[in-house]
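**Q** Below is one structure. I have some questions about it.
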Amino acid sequence: MSNFFRGEWFEKVDPVIRGWMQRYGLLLLRISVGLVFFWFGFLKFFPGLSPAQDLAVRTISTATFDLIAEPLIINGLALWEVLIGLGLISGKFMRETLLLLFLQMPGTFLPVFLFPNEVFTQIPYAPTLEGQYIFKNFVLISAGLVLGGALKKQ
């Protein structure tokens with residue numbers, strides 16, 4: 001089987017595939033992460049559509065000692081995520097967009113500490129669906145690091 005990946009055909013195809021990945025990988029990463037942020041944020045503008053809405057509102061309410069009204073929390077978070085999405089999709093204002101992304105990420109992990117029984121079925125190794133939704137943010141953080149590292153010097 002190992003010869004299958006080292007045959008003559010492989011030596012011809014591999015550089016073409018790698019070249020395509022090098023040319024389009026960052027663009028597709030930026031746009032796909034942008035679509036995720038835009039989509040998840042947009043859903044939060046419509047009550048009941050975002051599966052993360054309740055947990056997000058309770059987390060921010062708890063973290064701010066209930067000083068911010070629920071509509072402001074959810075609409076502010078929705079706008080924040082939509083702005084990140086639009087920035088990534090368009091490729092404009094990337095430094096500001098990545099700053100918004102990285103400022104948001106610590107808050108996305110707060111439910112792990114504030115509401116562990118809702119994040120895990122078995123603490124600390126079996127996440128609920130909400131927990132999986134939170135832990136996917138490791139991938140978004142890594143994507144942000146890759147995109148930030150690819151920015152040109154100003």
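FYI, nothing fancy with the structure tokens labels: chains A, B, ... in order, residues from 1 per chain, ligands from 1 as they appear.
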Any chance you could tabulate, as a Markdown table, the residues of stretch 87-123 of chain A at most 8 Å from stretch 33-50 of chain A with each one's nearest atom pair and distance in Å to one decimal, using only C-alpha atoms, in chain and rising number order?

**A**
| residue | atom | partner | partner_atom | distance |
| --- | --- | --- | --- | --- |
| A:Gly87 | CA | A:Gly34 | CA | 7.2 |
| A:Leu88 | CA | A:Gly34 | CA | 4.6 |
| A:Ile89 | CA | A:Gly34 | CA | 5.0 |

**Q** In chain A, what's helix (DSSP H, G or I) per DSSP? Answer as a ChimeraX atom specification?

**A** /A:2-6,8-44,53-63,70-90,94-108,110-114,116-119,129-135,137-149

**Q** Would you mind telling me which residue in A:Ser32, A:Thr108, A:Thr62, A:Gln22 lies nearest to A:Ser90 when using only C-alpha atoms?

**A**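 Among A:Ser32, A:Thr108, A:Thr62, A:Gln22, it is A:Ser32 that comes nearest to A:Ser90.
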
**Q** Just the number, please: distance in Å from atom CA of A:Leu55 to atom CA of A:Phe135, one decimal.

**A**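 Atom CA of A:Phe135 lies 14.1 Å from atom CA of A:Leu55.
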
**Q** With a distance cut-off of 10 Å and only C-alpha atoms, select the neighbouring residues of stretch 145-152 of chain A, excluding the residue or stretch itself and same-chain residues fewer than 3 positions from it, and output the selection as an MDAnalysis selection string.

**A** chainID A and resid 26:27 29:30 88 94:95 97:99 102 139:142

**Q** Go ahead and save the residues from that selection, with all heavy atoms, as a short mmCIF file (atom, residue, chain, number, x, y, z; two decimals), in the first residue's frame.

**A**
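Done, and the output landed in part_20.cif:
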data_model
loop_
_atom_site.label_atom_id
_atom_site.label_comp_id
_atom_site.auth_asym_id
_atom_site.auth_seq_id
_atom_site.Cartn_x
_atom_site.Cartn_y
_atom_site.Cartn_z
N LEU A 26 -5.50 29.61 2.13
CA LEU A 26 -5.76 30.73 3.05
C LEU A 26 -7.05 31.46 2.69
O LEU A 26 -7.83 31.84 3.58
CB LEU A 26 -4.59 31.71 3.06
CG LEU A 26 -3.37 31.26 3.85
CD1 LEU A 26 -2.21 32.23 3.63
CD2 LEU A 26 -3.70 31.15 5.33
N LEU A 27 -7.29 31.66 1.40
CA LEU A 27 -8.51 32.31 0.96
C LEU A 27 -9.74 31.52 1.41
O LEU A 27 -10.69 32.08 1.97
CB LEU A 27 -8.51 32.47 -0.56
CG LEU A 27 -9.81 33.00 -1.18
CD1 LEU A 27 -10.02 34.45 -0.79
CD2 LEU A 27 -9.78 32.83 -2.69
N LEU A 29 -9.91 29.26 3.79
CA LEU A 29 -9.98 29.25 5.25
C LEU A 29 -10.62 30.54 5.74
O LEU A 29 -11.53 30.52 6.57
CB LEU A 29 -8.58 29.09 5.86
CG LEU A 29 -8.50 29.12 7.38
CD1 LEU A 29 -9.23 27.93 7.98
CD2 LEU A 29 -7.04 29.14 7.82
N ARG A 30 -10.18 31.67 5.23
CA ARG A 30 -10.70 32.97 5.64
C ARG A 30 -12.20 33.08 5.35
O ARG A 30 -12.99 33.46 6.21
CB ARG A 30 -9.93 34.09 4.92
CG ARG A 30 -10.40 35.48 5.29
CD ARG A 30 -9.53 36.56 4.69
NE ARG A 30 -9.32 36.51 3.26
CZ ARG A 30 -10.23 36.88 2.33
NH1 ARG A 30 -11.42 37.31 2.70
NH2 ARG A 30 -9.93 36.81 1.06
N LEU A 88 -13.92 38.80 7.71
CA LEU A 88 -13.21 37.65 7.16
C LEU A 88 -13.62 37.37 5.72
O LEU A 88 -12.78 37.08 4.86
CB LEU A 88 -13.44 36.42 8.04
CG LEU A 88 -12.78 36.46 9.41
CD1 LEU A 88 -13.26 35.29 10.27
CD2 LEU A 88 -11.27 36.45 9.30
N MET A 94 -8.55 43.30 8.27
CA MET A 94 -8.23 42.00 8.85
C MET A 94 -7.67 42.10 10.27
O MET A 94 -8.00 41.29 11.13
CB MET A 94 -7.29 41.21 7.95
CG MET A 94 -7.98 40.59 6.75
SD MET A 94 -9.25 39.39 7.22
CE MET A 94 -8.24 38.13 7.98
N ARG A 95 -6.83 43.07 10.53
CA ARG A 95 -6.27 43.19 11.89
C ARG A 95 -7.38 43.48 12.89
O ARG A 95 -7.42 42.88 13.97
CB ARG A 95 -5.18 44.26 11.92
CG ARG A 95 -3.88 43.78 11.31
CD ARG A 95 -2.85 44.88 11.16
NE ARG A 95 -1.57 44.35 10.72
CZ ARG A 95 -1.31 43.95 9.49
NH1 ARG A 95 -2.24 44.03 8.56
NH2 ARG A 95 -0.12 43.46 9.17
N THR A 97 -10.56 42.83 12.48
CA THR A 97 -11.44 41.65 12.50
C THR A 97 -10.86 40.57 13.40
O THR A 97 -11.57 39.98 14.23
CB THR A 97 -11.63 41.11 11.07
OG1 THR A 97 -12.28 42.11 10.28
CG2 THR A 97 -12.44 39.83 11.06
N LEU A 98 -9.57 40.30 13.26
CA LEU A 98 -8.93 39.27 14.08
C LEU A 98 -8.89 39.70 15.54
O LEU A 98 -9.01 38.86 16.45
CB LEU A 98 -7.55 38.93 13.55
CG LEU A 98 -7.55 38.20 12.21
CD1 LEU A 98 -6.14 38.07 11.66
CD2 LEU A 98 -8.22 36.84 12.32
N LEU A 99 -8.75 41.00 15.80
CA LEU A 99 -8.81 41.49 17.18
C LEU A 99 -10.19 41.18 17.78
O LEU A 99 -10.28 40.67 18.90
CB LEU A 99 -8.53 42.99 17.24
CG LEU A 99 -8.66 43.63 18.63
CD1 LEU A 99 -7.64 43.02 19.60
CD2 LEU A 99 -8.49 45.14 18.54
N PHE A 102 -10.33 37.44 18.52
CA PHE A 102 -9.56 37.00 19.69
C PHE A 102 -10.10 37.59 20.99
O PHE A 102 -9.95 36.97 22.04
CB PHE A 102 -8.08 37.31 19.50
CG PHE A 102 -7.42 36.42 18.49
CD1 PHE A 102 -6.80 36.96 17.37
CD2 PHE A 102 -7.43 35.05 18.64
CE1 PHE A 102 -6.21 36.14 16.43
CE2 PHE A 102 -6.84 34.21 17.70
CZ PHE A 102 -6.23 34.76 16.60
N VAL A 139 -10.60 25.31 17.04
CA VAL A 139 -10.31 25.35 15.61
C VAL A 139 -10.38 26.79 15.09
O VAL A 139 -9.54 27.21 14.30
CB VAL A 139 -11.28 24.43 14.82
CG1 VAL A 139 -11.05 24.55 13.32
CG2 VAL A 139 -11.15 23.00 15.29
N LEU A 140 -11.37 27.55 15.56
CA LEU A 140 -11.48 28.94 15.13
C LEU A 140 -10.30 29.77 15.61
O LEU A 140 -9.80 30.64 14.87
CB LEU A 140 -12.80 29.55 15.63
CG LEU A 140 -14.08 28.89 15.10
CD1 LEU A 140 -15.31 29.58 15.69
CD2 LEU A 140 -14.12 28.90 13.59
N ILE A 141 -9.83 29.51 16.81
CA ILE A 141 -8.65 30.21 17.32
C ILE A 141 -7.43 29.87 16.46
O ILE A 141 -6.67 30.76 16.06
CB ILE A 141 -8.39 29.84 18.80
CG1 ILE A 141 -9.49 30.42 19.69
CG2 ILE A 141 -7.02 30.32 19.26
CD1 ILE A 141 -9.51 29.88 21.11
N SER A 142 -7.25 28.60 16.16
CA SER A 142 -6.13 28.20 15.31
C SER A 142 -6.22 28.82 13.92
O SER A 142 -5.22 29.28 13.37
CB SER A 142 -6.07 26.67 15.19
OG SER A 142 -5.83 26.10 16.46
#

**Q** What is the distance, in Å and to one decimal place, between atom CA of A:Leu77 and atom CA of A:Ala126?

**A**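 Distance between the two atoms: 27.1 Å.
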
**Q** Select, from A:Ile123, A:Ile74, A:Ile31, A:Ala52, the residue with the minimum atom-to-atom distance to A:Leu86, counting only C-alpha atoms.

**A**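 Closest residue, counting only C-alpha atoms: A:Ile31.
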
**Q** If DSSP is run on the backbone, what residues of chain A are strand (DSSP E or B)? A reply as a ChimeraX atom specification would be ideal.

**A** /A:120-122,126-127

**Q** Compile the contact shell of A:Glu118 as JSON, numbers by chain: residues with an atom at most 12 Å away, counting only C-alpha atoms, same-chain residues fewer than 5 positions apart removed.

**A** {"A": [52, 54, 55, 58, 59, 110, 111, 112, 113, 123, 124, 126, 127, 128, 129, 130, 131, 132, 133, 134]}

**Q** How about saving the chosen residues, C-alpha atoms kept, as an mmCIF file, in the first residue's frame?

**A**
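This is the output file again19.cif:
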data_model
loop_
_atom_site.group_PDB
_atom_site.id
_atom_site.type_symbol
_atom_site.label_atom_id
_atom_site.label_comp_id
_atom_site.auth_asym_id
_atom_site.auth_seq_id
_atom_site.Cartn_x
_atom_site.Cartn_y
_atom_site.Cartn_z
ATOM 1 C CA ALA A 52 -26.303 28.911 21.550
ATOM 2 C CA ASP A 54 -29.697 30.845 25.856
ATOM 3 C CA LEU A 55 -26.290 29.709 27.078
ATOM 4 C CA ARG A 58 -26.807 33.396 30.670
ATOM 5 C CA THR A 59 -23.014 33.365 30.445
ATOM 6 C CA LEU A 110 -16.724 30.763 30.183
ATOM 7 C CA PRO A 111 -19.643 28.279 30.217
ATOM 8 C CA VAL A 112 -17.114 25.483 30.817
ATOM 9 C CA PHE A 113 -16.401 27.081 34.199
ATOM 10 C CA ILE A 123 -16.892 16.096 33.573
ATOM 11 C CA PRO A 124 -14.288 16.683 32.055
ATOM 12 C CA ALA A 126 -17.727 13.887 27.637
ATOM 13 C CA PRO A 127 -19.074 17.183 26.284
ATOM 14 C CA THR A 128 -22.739 17.782 25.606
ATOM 15 C CA LEU A 129 -23.787 19.227 22.265
ATOM 16 C CA GLU A 130 -23.349 22.685 23.823
ATOM 17 C CA GLY A 131 -19.884 21.642 24.993
ATOM 18 C CA GLN A 132 -18.949 20.470 21.513
ATOM 19 C CA TYR A 133 -20.189 23.809 20.165
ATOM 20 C CA ILE A 134 -17.803 25.522 22.614
#
